[in-house]
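Trainee: My questions will all concern the structure given below.
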Amino acid sequence: MKIKRQKTAKKTLSFYKFNFSLRQPYQILVDGTFCQAALKNKIQIKEQMPTYLMGEVQLCTTSCALKELDTLGKELYGAKIILQKFQVRHCPHFKNPVPASDCLLSMLQATNPHHYFVATQDFTLTTNLKKIPGVPLLYIILNTMVLDKPCQTSLDHVQAIQLGELVSPAQQQSINSLKEEQGIAQKDGERRGRKRRRKQSNPNPLSCMKKKKKGVPTPPLKKTEQGEKKKRSRNKKPRTEGAGDALTGPPAGSNTAGAQLRDPKTEEGEFRRCGSGRGRSAVTSPC
């Protein structure tokens, strides 16, 4: 059973280490109710607490918790002696003391920046502490110390950081320190960089186009009947006068350069009638 409790405590501690940067020595705020329960169950807080948390611890309390035990009388005298052995942390209620539960809540503030553990048996205090993310709680059941599981507020806070909605305090602190080293830390109300001046540009040519008239209908295409072939239209080139004469030739009855056209059959007949047969000169000359 002891090994199982230590495994559960180790798992819970690793959750707080990785998500809320808890480091050794662990600072544990103790109130009078926890010391009274330890005295009743015969638990040695100084010896058993480091063994259970598997690391160095610093047990501490506040002046308000000590003064509260003083006012309660002799019944809590043993718890007062145990509590006096721990370190006393300064709280803002030194002159006007308040109840220990209110004092411990004020020490943790809103985000537990000093990474305190809280050891208490007060139910009202634990209910209020579960509203603050990153606060490990310790309490005593019978004769054993128990580290409580992470509350729902801590789980929601870690989920928001993983989704990128929030930045963890450790990351924010490291970012600010790096900005200060580089000299780029931005002051409140100071605007970074110069204001960018917008250049004057020409209008969009597509927006300057003339609008088409909507009332003018487009002419319908002529449909050809089934089985009818489409007529192919050709563009005829206009003919010039000189080109037309060259193609058609001279008109009928016209004599070019005083030459007459002769039929070869008539020439042969004339040659036979003359009977000369002396050459082509008889053909060309009349008988």
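As shown in the structure tokens, the chain order sets the letters A, B, ...; within each chain, residues go from 1, and ligands are also counted from 1 in the order they appear.
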I want to know what sits within 10 Å of Lys80 of chain A, based on only C-alpha atoms, with residues of the same chain fewer than 6 positions away left out; could you give that as a count of residues only?

Mentor: 12

Trainee: As a ChimeraX atom specification, please: every residue in segment 14-151 of chain A that DSSP puts in helix (DSSP H, G or I).

Mentor: /A:14-20,32-40,45-53,63-72,74-84,100-108,123-129

Trainee: Of the candidates A:Gln6, A:Ser14, A:Gln44, A:Gln27, which shows the shortest atom-to-atom distance to Ile82 of chain A, using only C-alpha atoms?

Mentor: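 Between A:Gln6, A:Ser14, A:Gln44, A:Gln27, the residue approaching Ile82 of chain A most closely is A:Gln44.
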
Trainee: Given only C-alpha atoms as the basis, pick out the residue of A:Ser174, A:Ser201, A:Thr33, A:Gln58 nearest to His115 of chain A.

Mentor: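 Of the candidates, the smallest distance to His115 of chain A is held by A:Gln58.
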
Trainee: Could you pull the residues within 10 Å of Pro92 of chain A, counting only C-alpha atoms, minus those fewer than 5 positions along the same chain, as a list in words?

Mentor: Ser63, Cys64, Pro97, Val98, Cys103, Ser106 and Met107 of chain A

Trainee: Given the choices A:Ser154, A:Thr62, A:Thr120, A:Asn41, which gets closest to Tyr16 of chain A if the distance is worked out from only C-alpha atoms?

Mentor: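 Using only C-alpha atoms, the shortest distance to Tyr16 of chain A belongs to A:Ser154.
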
Trainee: Could you jot down the atom CA of His93 of chain A to atom CA of Gln109 of chain A separation for me, Å, one decimal place?

Mentor: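 These atoms are spaced 14.1 Å apart.
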
Trainee: What is the distance between atom CA of Leu147 of chain A and atom CA of Leu39 of chain A, in Å to one decimal?

Mentor: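 Atom CA of Leu147 of chain A sits 18.5 Å away from atom CA of Leu39 of chain A.
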
Trainee: Name the closest residue to Leu105 of chain A among the candidates A:Ala38, A:Leu129, A:Val57, A:Leu163; distances are taken between atoms, counting only C-alpha atoms.

Mentor: A:Leu129

Trainee: Env of Phe15 of chain A: 12 Å cut, atoms = only C-alpha atoms, seq-sep filter 2 positions within chain, self excluded. Answer as number ranges by chain.

Mentor: A: 8-13, 17-23, 134-136, 149-151, 154-155, 158

Trainee: Enter the distance from atom CA of Tyr26 of chain A to atom CA of Tyr77 of chain A, in Å, rounded to one decimal.

Mentor: 26.8 Å

Trainee: Give me, as a list in words, all polymer residues having an atom no more than 8 Å from Ile140 of chain A, counting only C-alpha atoms and skipping those fewer than 2 positions away in the same chain.

Mentor: Phe34, Ala37, Ala38, Gln121, Leu138, Leu142, Asn143, Thr144, Met145 and Val146 of chain A

Trainee: Print the selection's residues with C-alpha atoms to a file, as a PDB file, in the first residue's frame.

Mentor:
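Final output, result-v1.pdb:
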```pdb
ATOM      1  CA  PHE A  34      -2.335  19.985  10.190  1.00  0.00           C
ATOM      2  CA  ALA A  37      -3.719  16.036  13.251  1.00  0.00           C
ATOM      3  CA  ALA A  38      -0.040  14.973  13.001  1.00  0.00           C
ATOM      4  CA  GLN A 121      -7.075  20.047   7.479  1.00  0.00           C
ATOM      5  CA  LEU A 138      -1.470  17.969   1.596  1.00  0.00           C
ATOM      6  CA  LEU A 142      -5.827   8.313   9.694  1.00  0.00           C
ATOM      7  CA  ASN A 143      -2.057   7.964  10.166  1.00  0.00           C
ATOM      8  CA  THR A 144      -0.813   8.756   6.649  1.00  0.00           C
ATOM      9  CA  MET A 145      -0.024  11.941   4.710  1.00  0.00           C
ATOM     10  CA  VAL A 146      -1.690  12.259   1.305  1.00  0.00           C
TER      11      VAL A 146
END
```

Trainee: Pick out the residues sitting within 10 Å of Thr61 of chain A, and hand them over as a ChimeraX atom specification; count only C-alpha atoms, and ignore anything fewer than 4 positions along from it in its own chain.

Mentor: /A:27-32,65-66,83-91,100,103-104,118-119

Trainee: Out of A:Pro25, A:Met49, A:Arg196, A:Ile3, which residue has the shortest atom-to-atom distance to Tyr139 of chain A when counting only C-alpha atoms?

Mentor: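 Comparing A:Pro25, A:Met49, A:Arg196, A:Ile3 against Tyr139 of chain A, the winner is A:Met49.
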